[in-house]
>>> print(open('structure_36.pdb').read())   # PDB, C-alpha atoms, pLDDT in the B column
ATOM      1  CA  MET A   1       0.000   0.000   0.000  1.00 72.00           C
ATOM      2  CA  GLU A   2       1.468   3.312  -1.087  1.00 84.00           C
ATOM      3  CA  LEU A   3       0.681   6.305   1.098  1.00 92.00           C
ATOM      4  CA  GLY A   4       1.456   9.905   0.241  1.00 93.00           C
ATOM      5  CA  ASP A   5       3.489  12.200   2.471  1.00 95.00           C
ATOM      6  CA  ARG A   6       0.380  13.702   4.060  1.00 95.00           C
ATOM      7  CA  GLU A   7      -1.130  10.311   4.854  1.00 96.00           C
ATOM      8  CA  ARG A   8       2.156   9.045   6.313  1.00 96.00           C
ATOM      9  CA  THR A   9       2.546  12.167   8.465  1.00 96.00           C
ATOM     10  CA  VAL A  10      -0.999  11.983   9.821  1.00 97.00           C
ATOM     11  CA  LEU A  11      -0.745   8.236  10.495  1.00 97.00           C
ATOM     12  CA  ARG A  12       2.599   8.767  12.247  1.00 97.00           C
ATOM     13  CA  ILE A  13       1.128  11.490  14.487  1.00 97.00           C
ATOM     14  CA  ILE A  14      -1.835   9.261  15.371  1.00 97.00           C
ATOM     15  CA  GLY A  15       0.358   6.199  15.932  1.00 97.00           C
ATOM     16  CA  ASP A  16       2.825   8.113  18.114  1.00 96.00           C
ATOM     17  CA  ALA A  17       0.021   9.531  20.253  1.00 96.00           C
ATOM     18  CA  CYS A  18      -1.623   6.113  20.672  1.00 96.00           C
ATOM     19  CA  ASP A  19       1.729   4.534  21.586  1.00 95.00           C
ATOM     20  CA  ARG A  20       2.384   7.191  24.222  1.00 95.00           C
ATOM     21  CA  LYS A  21      -0.994   6.483  25.815  1.00 94.00           C
ATOM     22  CA  CYS A  22      -0.686   2.705  25.301  1.00 95.00           C
ATOM     23  CA  GLN A  23      -4.138   2.740  23.719  1.00 95.00           C
ATOM     24  CA  ASP A  24      -5.661   2.109  20.309  1.00 95.00           C
ATOM     25  CA  SER A  25      -7.570   5.387  20.191  1.00 96.00           C
ATOM     26  CA  ILE A  26      -7.010   9.092  20.607  1.00 96.00           C
ATOM     27  CA  LYS A  27      -9.276  12.127  20.558  1.00 96.00           C
ATOM     28  CA  LEU A  28      -8.758  14.508  17.670  1.00 96.00           C
ATOM     29  CA  GLU A  29      -8.515  17.347  20.186  1.00 95.00           C
ATOM     30  CA  GLU A  30      -5.506  15.650  21.809  1.00 96.00           C
ATOM     31  CA  VAL A  31      -3.476  15.649  18.582  1.00 96.00           C
ATOM     32  CA  SER A  32      -4.793  18.803  16.907  1.00 95.00           C
ATOM     33  CA  GLU A  33      -1.794  20.846  18.068  1.00 96.00           C
ATOM     34  CA  ARG A  34       0.598  18.303  16.502  1.00 96.00           C
ATOM     35  CA  PHE A  35      -1.312  18.531  13.233  1.00 96.00           C
ATOM     36  CA  ARG A  36      -1.079  22.340  13.351  1.00 96.00           C
ATOM     37  CA  ILE A  37       2.675  22.175  13.992  1.00 96.00           C
ATOM     38  CA  ALA A  38       3.010  19.803  11.015  1.00 95.00           C
ATOM     39  CA  GLY A  39       1.362  22.474   8.840  1.00 96.00           C
ATOM     40  CA  PHE A  40      -2.141  21.037   8.488  1.00 95.00           C
ATOM     41  CA  ASN A  41      -5.407  22.885   8.929  1.00 94.00           C
ATOM     42  CA  ILE A  42      -8.476  21.043  10.191  1.00 92.00           C
ATOM     43  CA  ASN A  43      -9.942  20.589   6.696  1.00 95.00           C
ATOM     44  CA  ASP A  44      -6.703  18.990   5.451  1.00 94.00           C
ATOM     45  CA  VAL A  45      -6.612  16.696   8.473  1.00 96.00           C
ATOM     46  CA  MET A  46     -10.214  15.569   8.037  1.00 95.00           C
ATOM     47  CA  ASP A  47      -9.648  14.859   4.313  1.00 96.00           C
ATOM     48  CA  VAL A  48      -6.631  12.698   5.152  1.00 97.00           C
ATOM     49  CA  LEU A  49      -8.450  10.975   8.036  1.00 97.00           C
ATOM     50  CA  TYR A  50     -11.319  10.022   5.725  1.00 96.00           C
ATOM     51  CA  ARG A  51      -8.811   8.647   3.194  1.00 97.00           C
ATOM     52  CA  LEU A  52      -7.087   6.605   5.904  1.00 97.00           C
ATOM     53  CA  GLU A  53     -10.492   5.327   7.019  1.00 97.00           C
ATOM     54  CA  ASP A  54     -11.325   4.300   3.437  1.00 97.00           C
ATOM     55  CA  LEU A  55      -8.042   2.340   3.379  1.00 96.00           C
ATOM     56  CA  GLY A  56      -8.992   0.556   6.607  1.00 97.00           C
ATOM     57  CA  LEU A  57      -6.108   2.015   8.628  1.00 97.00           C
ATOM     58  CA  ILE A  58      -8.254   3.919  11.128  1.00 97.00           C
ATOM     59  CA  ARG A  59     -11.868   4.153  12.249  1.00 97.00           C
ATOM     60  CA  LEU A  60     -13.510   7.457  13.110  1.00 97.00           C
ATOM     61  CA  GLU A  61     -16.206   7.778  15.731  1.00 96.00           C
ATOM     62  CA  ILE A  62     -17.977  11.063  16.313  1.00 94.00           C
ATOM     63  CA  ILE A  63     -19.470  11.201  19.781  1.00 93.00           C
ATOM     64  CA  GLY A  64     -21.091  14.498  20.671  1.00 93.00           C
ATOM     65  CA  TYR A  65     -18.489  17.156  19.964  1.00 92.00           C
ATOM     66  CA  SER A  66     -15.546  14.753  20.086  1.00 94.00           C
ATOM     67  CA  THR A  67     -13.980  12.819  17.246  1.00 94.00           C
ATOM     68  CA  ILE A  68     -12.326   9.586  18.343  1.00 97.00           C
ATOM     69  CA  ILE A  69      -9.648   8.157  16.057  1.00 97.00           C
ATOM     70  CA  ARG A  70      -9.134   4.400  16.463  1.00 97.00           C
ATOM     71  CA  ILE A  71      -6.119   2.851  14.766  1.00 97.00           C
ATOM     72  CA  THR A  72      -6.852  -0.603  13.335  1.00 97.00           C
ATOM     73  CA  ASP A  73      -4.503  -3.595  13.385  1.00 96.00           C
ATOM     74  CA  LYS A  74      -3.778  -2.936   9.701  1.00 96.00           C
ATOM     75  CA  GLY A  75      -3.071   0.700  10.581  1.00 96.00           C
ATOM     76  CA  LYS A  76      -0.672  -0.361  13.352  1.00 96.00           C
ATOM     77  CA  ASP A  77       1.234  -2.564  10.916  1.00 95.00           C
ATOM     78  CA  VAL A  78       1.555   0.253   8.388  1.00 95.00           C
ATOM     79  CA  TYR A  79       2.513   2.736  11.140  1.00 96.00           C
ATOM     80  CA  ARG A  80       5.275   0.438  12.409  1.00 95.00           C
ATOM     81  CA  SER A  81       6.650   0.099   8.883  1.00 93.00           C
ATOM     82  CA  LEU A  82       6.963   3.892   8.412  1.00 89.00           C
TER
END
>>> encode(input="structure_36.pdb", output="structure tokens")
Amino acid sequence: MELGDRERTVLRIIGDACDRKCQDSIKLEEVSERFRIAGFNINDVMDVLYRLEDLGLIRLEIIGYSTIIRITDKGKDVYRSL
């Protein structure tokens, strides 16, 4: 599976955050500052997140005002290979 630079960067940010918390999920709010530092705006991030979801690397859950990003087993494998 070939990912572009943007997809790799977003997956790396998500994977790093999940590893730090020793969990498979992270709230978008918890990583939004890292996305901003990487040069993404929220629209760019959401576009990439939807692409990653279409590829089966993450699952998005919107609960109230929070967006939960869950990294799948396939996503973990790709993240570890980056």
>>> residues_around(input="structure_36.pdb", residues="A:Phe40", least_positions_apart="5", cutoff="12 Å", atoms="all atoms listed in the file", output="NGL selection string")
:A and (6-7 or 9-10 or 13 or 31-35 or 45-49)
>>> residues_around(input="structure_36.pdb", residues="A:Ile69", least_positions_apart="3", cutoff="8 Å", atoms="all atoms listed in the file", output="list of chain:residue names")
A:Ile14, A:Ser25, A:Ile26, A:Lys27, A:Leu28, A:Ile58, A:Arg59, A:Leu60, A:Glu61
>>> atom_distance(input="structure_36.pdb", atom1="atom CA of A:Gly75", atom2="atom CA of A:Gly56")
7.1 Å
>>> resolve_selection(input="structure_36.pdb", expression="the PyMOL selection byres ((chain A and resi 2) around 12)", output="list of chain:residue names")
A:Met1, A:Leu3, A:Gly4, A:Asp5, A:Arg6, A:Glu7, A:Arg8, A:Leu52, A:Leu55, A:Val78, A:Ser81, A:Leu82
>>> atom_distance(input="structure_36.pdb", atom1="atom CA of A:Asn43", atom2="atom CA of A:Lys76")
23.9 Å
>>> closest_residue(input="structure_36.pdb", among="A:Leu57, A:Lys74, A:Ile42, A:Arg80", to="A:Glu29", atoms="only C-alpha atoms")
A:Ile42
>>> closest_residue(input="structure_36.pdb", among="A:Arg70, A:Asp77, A:Ile37, A:Arg51", to="A:Ala17", atoms="only C-alpha atoms")
A:Arg70
>>> atom_distance(input="structure_36.pdb", atom1="atom CA of A:Tyr79", atom2="atom CA of A:Arg12")
6.1 Å
>>> decode(input="structure_36.pdb", residues="stretch 44-60 of chain A", atoms="all heavy atoms", output="compact mmCIF listing (two decimals), in the first residue's frame")
# COMPACT_ATOMS: atom_id res chain seq x y z
N ASP A 44 -7.69 19.93 6.00
CA ASP A 44 -6.70 18.99 5.45
C ASP A 44 -6.69 17.70 6.26
O ASP A 44 -6.64 16.60 5.71
CB ASP A 44 -5.30 19.60 5.47
CG ASP A 44 -5.14 20.77 4.53
OD1 ASP A 44 -5.91 20.86 3.55
OD2 ASP A 44 -4.24 21.61 4.78
N VAL A 45 -6.67 17.85 7.58
CA VAL A 45 -6.61 16.70 8.47
C VAL A 45 -7.82 15.80 8.26
O VAL A 45 -7.69 14.58 8.13
CB VAL A 45 -6.52 17.13 9.96
CG1 VAL A 45 -6.70 15.95 10.89
CG2 VAL A 45 -5.20 17.81 10.22
N MET A 46 -9.00 16.38 8.21
CA MET A 46 -10.21 15.57 8.04
C MET A 46 -10.20 14.85 6.69
O MET A 46 -10.59 13.68 6.61
CB MET A 46 -11.47 16.43 8.19
CG MET A 46 -11.70 16.92 9.62
SD MET A 46 -11.62 15.64 10.89
CE MET A 46 -13.05 14.65 10.50
N ASP A 47 -9.75 15.52 5.62
CA ASP A 47 -9.65 14.86 4.31
C ASP A 47 -8.74 13.64 4.39
O ASP A 47 -9.07 12.56 3.89
CB ASP A 47 -9.11 15.82 3.25
CG ASP A 47 -10.12 16.86 2.82
OD1 ASP A 47 -11.33 16.68 3.09
OD2 ASP A 47 -9.70 17.86 2.20
N VAL A 48 -7.58 13.81 5.04
CA VAL A 48 -6.63 12.70 5.15
C VAL A 48 -7.21 11.60 6.05
O VAL A 48 -7.07 10.41 5.76
CB VAL A 48 -5.27 13.20 5.67
CG1 VAL A 48 -4.33 12.03 5.95
CG2 VAL A 48 -4.63 14.16 4.68
N LEU A 49 -7.86 11.98 7.14
CA LEU A 49 -8.45 10.98 8.04
C LEU A 49 -9.49 10.14 7.30
O LEU A 49 -9.55 8.92 7.47
CB LEU A 49 -9.07 11.65 9.26
CG LEU A 49 -8.10 12.24 10.27
CD1 LEU A 49 -8.86 12.96 11.38
CD2 LEU A 49 -7.18 11.18 10.85
N TYR A 50 -10.32 10.78 6.48
CA TYR A 50 -11.32 10.02 5.72
C TYR A 50 -10.65 9.08 4.73
O TYR A 50 -11.12 7.96 4.51
CB TYR A 50 -12.30 10.96 5.02
CG TYR A 50 -13.25 11.65 5.97
CD1 TYR A 50 -13.47 13.02 5.89
CD2 TYR A 50 -13.93 10.94 6.95
CE1 TYR A 50 -14.34 13.66 6.76
CE2 TYR A 50 -14.80 11.58 7.83
CZ TYR A 50 -15.00 12.94 7.73
OH TYR A 50 -15.86 13.57 8.59
N ARG A 51 -9.54 9.52 4.11
CA ARG A 51 -8.81 8.65 3.19
C ARG A 51 -8.23 7.45 3.94
O ARG A 51 -8.29 6.32 3.45
CB ARG A 51 -7.69 9.42 2.49
CG ARG A 51 -8.12 9.88 1.12
CD ARG A 51 -6.99 10.49 0.34
NE ARG A 51 -7.22 11.93 0.38
CZ ARG A 51 -6.34 12.84 0.69
NH1 ARG A 51 -5.11 12.52 0.96
NH2 ARG A 51 -6.66 14.11 0.70
N LEU A 52 -7.65 7.70 5.11
CA LEU A 52 -7.09 6.61 5.90
C LEU A 52 -8.18 5.64 6.35
O LEU A 52 -7.97 4.43 6.41
CB LEU A 52 -6.33 7.16 7.11
CG LEU A 52 -5.04 7.93 6.82
CD1 LEU A 52 -4.49 8.53 8.10
CD2 LEU A 52 -4.01 7.05 6.14
N GLU A 53 -9.37 6.18 6.64
CA GLU A 53 -10.49 5.33 7.02
C GLU A 53 -10.93 4.47 5.83
O GLU A 53 -11.20 3.28 5.98
CB GLU A 53 -11.65 6.17 7.53
CG GLU A 53 -12.79 5.33 8.09
CD GLU A 53 -13.89 6.17 8.71
OE1 GLU A 53 -14.20 7.26 8.18
OE2 GLU A 53 -14.44 5.72 9.72
N ASP A 54 -10.96 5.06 4.64
CA ASP A 54 -11.32 4.30 3.44
C ASP A 54 -10.34 3.16 3.17
O ASP A 54 -10.72 2.11 2.66
CB ASP A 54 -11.38 5.22 2.21
CG ASP A 54 -12.58 6.15 2.23
OD1 ASP A 54 -13.52 5.91 3.01
OD2 ASP A 54 -12.56 7.15 1.46
N LEU A 55 -9.07 3.37 3.56
CA LEU A 55 -8.04 2.34 3.38
C LEU A 55 -8.06 1.29 4.49
O LEU A 55 -7.32 0.32 4.44
CB LEU A 55 -6.65 2.99 3.32
CG LEU A 55 -6.39 3.88 2.11
CD1 LEU A 55 -5.08 4.64 2.29
CD2 LEU A 55 -6.37 3.05 0.83
N GLY A 56 -8.89 1.51 5.51
CA GLY A 56 -8.99 0.56 6.61
C GLY A 56 -7.90 0.69 7.66
O GLY A 56 -7.70 -0.22 8.45
N LEU A 57 -7.20 1.83 7.67
CA LEU A 57 -6.11 2.02 8.63
C LEU A 57 -6.58 2.60 9.95
O LEU A 57 -5.94 2.39 10.98
CB LEU A 57 -5.02 2.91 8.02
CG LEU A 57 -4.42 2.40 6.70
CD1 LEU A 57 -3.41 3.39 6.17
CD2 LEU A 57 -3.81 1.04 6.89
N ILE A 58 -7.67 3.34 9.91
CA ILE A 58 -8.25 3.92 11.13
C ILE A 58 -9.76 3.80 11.04
O ILE A 58 -10.32 3.52 9.98
CB ILE A 58 -7.86 5.41 11.33
CG1 ILE A 58 -8.43 6.27 10.18
CG2 ILE A 58 -6.37 5.59 11.49
CD1 ILE A 58 -8.36 7.77 10.46
N ARG A 59 -10.41 4.01 12.19
CA ARG A 59 -11.87 4.15 12.25
C ARG A 59 -12.16 5.46 12.97
O ARG A 59 -11.51 5.78 13.98
CB ARG A 59 -12.50 3.00 13.02
CG ARG A 59 -12.64 1.75 12.22
CD ARG A 59 -13.51 0.69 12.87
NE ARG A 59 -13.80 0.86 14.27
CZ ARG A 59 -13.21 0.19 15.26
NH1 ARG A 59 -12.25 -0.67 15.00
NH2 ARG A 59 -13.56 0.39 16.50
N LEU A 60 -13.10 6.21 12.48
CA LEU A 60 -13.51 7.46 13.11
C LEU A 60 -14.85 7.27 13.79
O LEU A 60 -15.75 6.67 13.22
CB LEU A 60 -13.63 8.57 12.06
CG LEU A 60 -12.35 8.98 11.36
CD1 LEU A 60 -12.65 9.99 10.26
CD2 LEU A 60 -11.35 9.56 12.33
